[in-house]
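Enquirer: So here's work_3.txt, just compact mmCIF, C-alpha atoms:
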```
# COMPACT_ATOMS: atom_id res chain seq x y z
CA LEU A 1 -15.84 27.12 57.82
CA TYR A 2 -13.86 25.16 60.38
CA ASP A 3 -10.12 25.73 60.74
CA TRP A 4 -9.77 22.09 61.71
CA SER A 5 -11.82 19.03 60.84
CA ALA A 6 -11.65 15.46 62.10
CA GLY A 7 -13.46 14.33 58.96
CA THR A 8 -14.39 15.86 55.64
CA LEU A 9 -16.87 14.29 53.25
CA ASN A 10 -17.84 15.58 49.81
CA LEU A 11 -19.46 14.47 46.59
CA LEU A 12 -17.30 13.39 43.69
CA PRO A 13 -17.68 14.83 41.17
CA ALA A 14 -18.37 17.96 43.16
CA SER A 15 -21.28 19.03 40.98
CA THR A 16 -23.43 20.05 43.97
CA GLY A 17 -20.64 21.70 45.93
CA ARG A 18 -21.87 19.99 49.11
CA VAL A 19 -19.22 19.39 51.73
CA VAL A 20 -19.58 18.13 55.30
CA PHE A 21 -16.98 19.00 57.94
CA LEU A 22 -17.05 16.92 61.12
CA PRO A 23 -15.47 18.79 64.04
CA TYR A 24 -15.07 15.55 66.00
CA ASP A 25 -13.93 11.99 65.33
CA LEU A 26 -16.77 9.55 64.68
CA GLN A 27 -15.35 7.15 67.29
CA PHE A 28 -16.74 9.49 69.95
CA VAL A 29 -20.30 9.39 68.62
CA GLY A 30 -22.10 6.80 70.71
CA THR A 31 -25.57 5.71 71.65
CA ILE A 32 -27.07 6.12 75.10
CA ALA A 33 -27.60 2.76 76.78
CA LYS A 34 -31.21 1.51 76.80
CA SER A 35 -32.01 3.63 73.75
CA ASP A 36 -35.07 2.60 71.74
CA ALA A 37 -33.40 3.77 68.53
CA PRO A 38 -32.96 0.86 66.07
CA LEU A 39 -29.65 2.27 64.79
CA THR A 40 -26.63 3.57 66.65
CA ALA A 41 -26.10 7.33 66.81
CA ARG A 42 -23.06 6.96 64.55
CA THR A 43 -25.15 5.15 61.92
CA ARG A 44 -27.92 7.77 62.14
CA LEU A 45 -25.37 10.57 61.75
CA LEU A 46 -23.78 8.92 58.72
CA ALA A 47 -27.23 8.25 57.22
CA GLY A 48 -27.99 11.98 57.48
CA VAL A 49 -24.68 12.91 55.88
CA ILE A 50 -25.16 10.38 53.07
CA GLY A 51 -28.67 11.76 52.45
CA PHE A 52 -27.36 15.34 52.45
CA LEU A 53 -24.80 14.38 49.83
CA GLY A 54 -27.63 13.07 47.63
CA TYR A 55 -27.36 9.32 48.11
CA GLU A 56 -30.01 6.96 49.41
CA PHE A 57 -29.44 5.18 52.68
CA GLU A 58 -30.89 1.75 53.39
CA ALA A 59 -30.68 0.54 56.98
CA GLY A 60 -30.40 -3.07 55.79
CA SER A 61 -27.20 -2.21 53.93
CA VAL A 62 -25.38 -1.28 57.11
CA VAL A 63 -22.65 -3.70 58.10
CA SER A 64 -23.36 -5.08 61.54
CA GLY A 65 -21.19 -3.86 64.35
CA VAL A 66 -20.01 -0.37 65.11
CA PRO A 67 -16.88 0.80 63.27
CA GLY A 68 -14.04 1.28 65.69
CA ALA A 69 -15.68 -0.82 68.40
CA GLY A 70 -13.22 -2.92 70.31
CA ARG A 71 -10.45 -0.41 69.73
CA PHE A 72 -8.33 1.31 72.36
CA ALA A 73 -8.41 5.07 71.72
CA VAL A 74 -7.17 8.13 73.63
CA SER A 75 -7.50 11.89 72.99
CA THR A 76 -7.40 15.14 74.93
CA TYR A 77 -9.59 18.24 74.91
CA PRO A 78 -9.09 21.16 75.10
CA ASN A 79 -5.61 21.37 73.71
CA PRO A 80 -3.88 23.83 74.22
CA PHE A 81 -5.34 24.22 77.70
CA ASN A 82 -5.29 26.38 80.81
CA PRO A 83 -5.72 25.41 83.58
CA ARG A 84 -7.31 21.97 82.88
CA THR A 85 -7.62 19.39 80.13
CA ALA A 86 -9.53 16.12 79.98
CA ILE A 87 -7.91 12.98 78.63
CA HIS A 88 -10.63 10.81 77.10
CA TYR A 89 -10.14 7.10 76.59
CA GLU A 90 -12.13 4.23 75.13
CA MET A 91 -11.51 0.76 76.58
CA PRO A 92 -12.53 -2.17 74.35
CA GLU A 93 -12.80 -4.37 77.47
CA SER A 94 -12.03 -4.04 81.15
CA GLY A 95 -8.40 -4.34 82.06
CA HIS A 96 -5.33 -2.61 83.47
CA LEU A 97 -4.93 0.96 82.20
CA THR A 98 -1.91 3.16 82.86
CA LEU A 99 -2.22 6.86 82.04
CA LYS A 100 0.79 9.09 82.68
CA VAL A 101 1.90 12.63 81.82
CA PHE A 102 5.50 13.31 80.79
CA ASP A 103 7.42 16.55 80.35
CA ILE A 104 9.46 17.40 77.24
CA ARG A 105 12.56 15.72 78.76
CA GLY A 106 10.69 12.43 79.19
CA HIS A 107 10.31 12.59 82.97
CA CYS A 108 7.00 11.34 84.35
CA VAL A 109 5.37 14.31 86.11
CA ARG A 110 2.01 12.71 86.93
CA THR A 111 0.43 9.27 87.03
CA LEU A 112 -3.30 9.76 86.53
CA ILE A 113 -4.44 6.13 86.32
CA ASP A 114 -2.67 2.88 87.16
CA GLY A 115 -5.20 0.15 87.76
CA LEU A 116 -8.19 -1.87 86.65
CA THR A 117 -10.52 0.15 84.43
CA PRO A 118 -13.95 -0.93 83.15
CA ALA A 119 -14.75 -1.29 79.46
CA GLY A 120 -16.22 1.71 77.64
CA ALA A 121 -15.56 5.41 77.54
CA GLY A 122 -13.96 7.33 80.37
CA GLN A 123 -11.95 10.44 81.07
CA MET A 124 -9.45 11.80 83.54
CA ALA A 125 -8.79 15.48 84.15
CA TRP A 126 -5.27 16.87 84.44
CA HIS A 127 -4.98 20.24 86.14
CA GLY A 128 -1.32 20.93 85.28
CA ARG A 129 0.05 19.59 88.55
CA ASP A 130 2.71 16.97 89.29
CA ASP A 131 2.41 13.94 91.58
CA HIS A 132 3.23 16.16 94.59
CA GLY A 133 0.49 18.68 93.78
CA ALA A 134 2.85 21.42 92.58
CA ARG A 135 1.96 23.40 89.46
CA VAL A 136 4.06 22.56 86.43
CA ALA A 137 5.50 25.15 84.06
CA SER A 138 3.90 26.21 80.80
CA GLY A 139 5.02 24.09 77.90
CA THR A 140 4.61 20.87 76.00
CA TYR A 141 3.62 17.68 77.78
CA PHE A 142 2.84 14.19 76.54
CA TYR A 143 0.24 11.75 77.77
CA GLN A 144 0.96 8.05 77.48
CA ALA A 145 -1.80 5.49 77.89
CA GLN A 146 -1.16 1.76 77.94
CA PHE A 147 -3.75 -1.00 77.80
CA GLU A 148 -2.30 -4.51 77.49
CA SER A 149 0.26 -4.30 74.65
CA GLN A 150 -1.37 -1.21 73.12
CA LEU A 151 0.34 2.12 73.70
CA GLN A 152 -1.02 5.54 72.75
CA THR A 153 0.91 8.80 73.10
CA GLY A 154 -0.26 12.34 72.43
CA LYS A 155 0.95 15.92 72.85
CA MET A 156 -0.65 18.55 75.11
CA ILE A 157 0.28 22.21 75.50
CA LEU A 158 -0.19 24.02 78.79
CA LEU A 159 -0.44 27.80 78.33
CA LYS A 160 -0.47 30.15 81.31
```
Just give me the structure of the file as structure tokens.
Expert:
Amino acid sequence: LYDWSAGTLNLLPASTGRVVFLPYDLQFVGTIAKSDAPLTARTRLLAGVIGFLGYEFEAGSVVSGVPGAGRFAVSTYPNPFNPRTAIHYEMPESGHLTLKVFDIRGHCVRTLIDGLTPAGAGQMAWHGRDDHGARVASGTYFYQAQFESQLQTGKMILLK
């Protein structure tokens, strides 16, 4: 079993004992552009899970639109990391994105992005270095991403 799960689904009542652990958030399940598949990858995944849990899935019953679409989201992987982590972001539309890394005292150690960013998924690697290229110490750092009035902050741990 997983020590950590982004999503857990089970049958109630749990007569079958079937449980599904999702090791990733569904917002990161996408569909390749120009795909001939009639349903998004997220919908196909959920259809499989629903079928596994013993329920019928009808494609016509799916609400149009992709859940979470149009939402600004940010995450980092791996975490803890050494020597590199990737900060993943999802832009609902193109616009100005600021992505910075702060130390535990609140000082900005690195500005990774500060400019116009296209809509969709993207990522930026941080190699544990400050704006001058010097290695930073092991410890806790925070990323802060801002798109329009939306602000997302998360914790990262650099282990050496």
Enquirer: As a list of chain:residue names, please: the residues near stretch 118-131 of chain A (cut-off 7 Å, all atoms listed in the file, same-chain neighbours under 2 positions excluded).
Expert: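 The neighbour list is A:Pro83, A:Arg84, A:Thr85, A:Ala86, A:Ile87, A:His88, A:Tyr89, A:Glu90, A:Met91, A:Pro92, A:Glu93, A:Ser94, A:Gly95, A:Val109, A:Arg110, A:Thr111, A:Leu116, A:Gly133, A:Ala134, A:Arg135, A:Val136.
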Enquirer: Provide the atom CA of A:His96 to atom CA of A:Leu158 distance in Å, to one decimal place.
Expert: 27.5 Å
Enquirer: Please compute the atom CA of A:Ile157-atom CA of A:Phe142 distance, one decimal, in Å.
Expert: 8.5 Å
Enquirer: Using Å and a single decimal, report how far atom CA of A:Val74 sits from atom CA of A:Tyr141.
Expert: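 Separating atom CA of A:Tyr141 from atom CA of A:Val74 is a distance of 15.0 Å.
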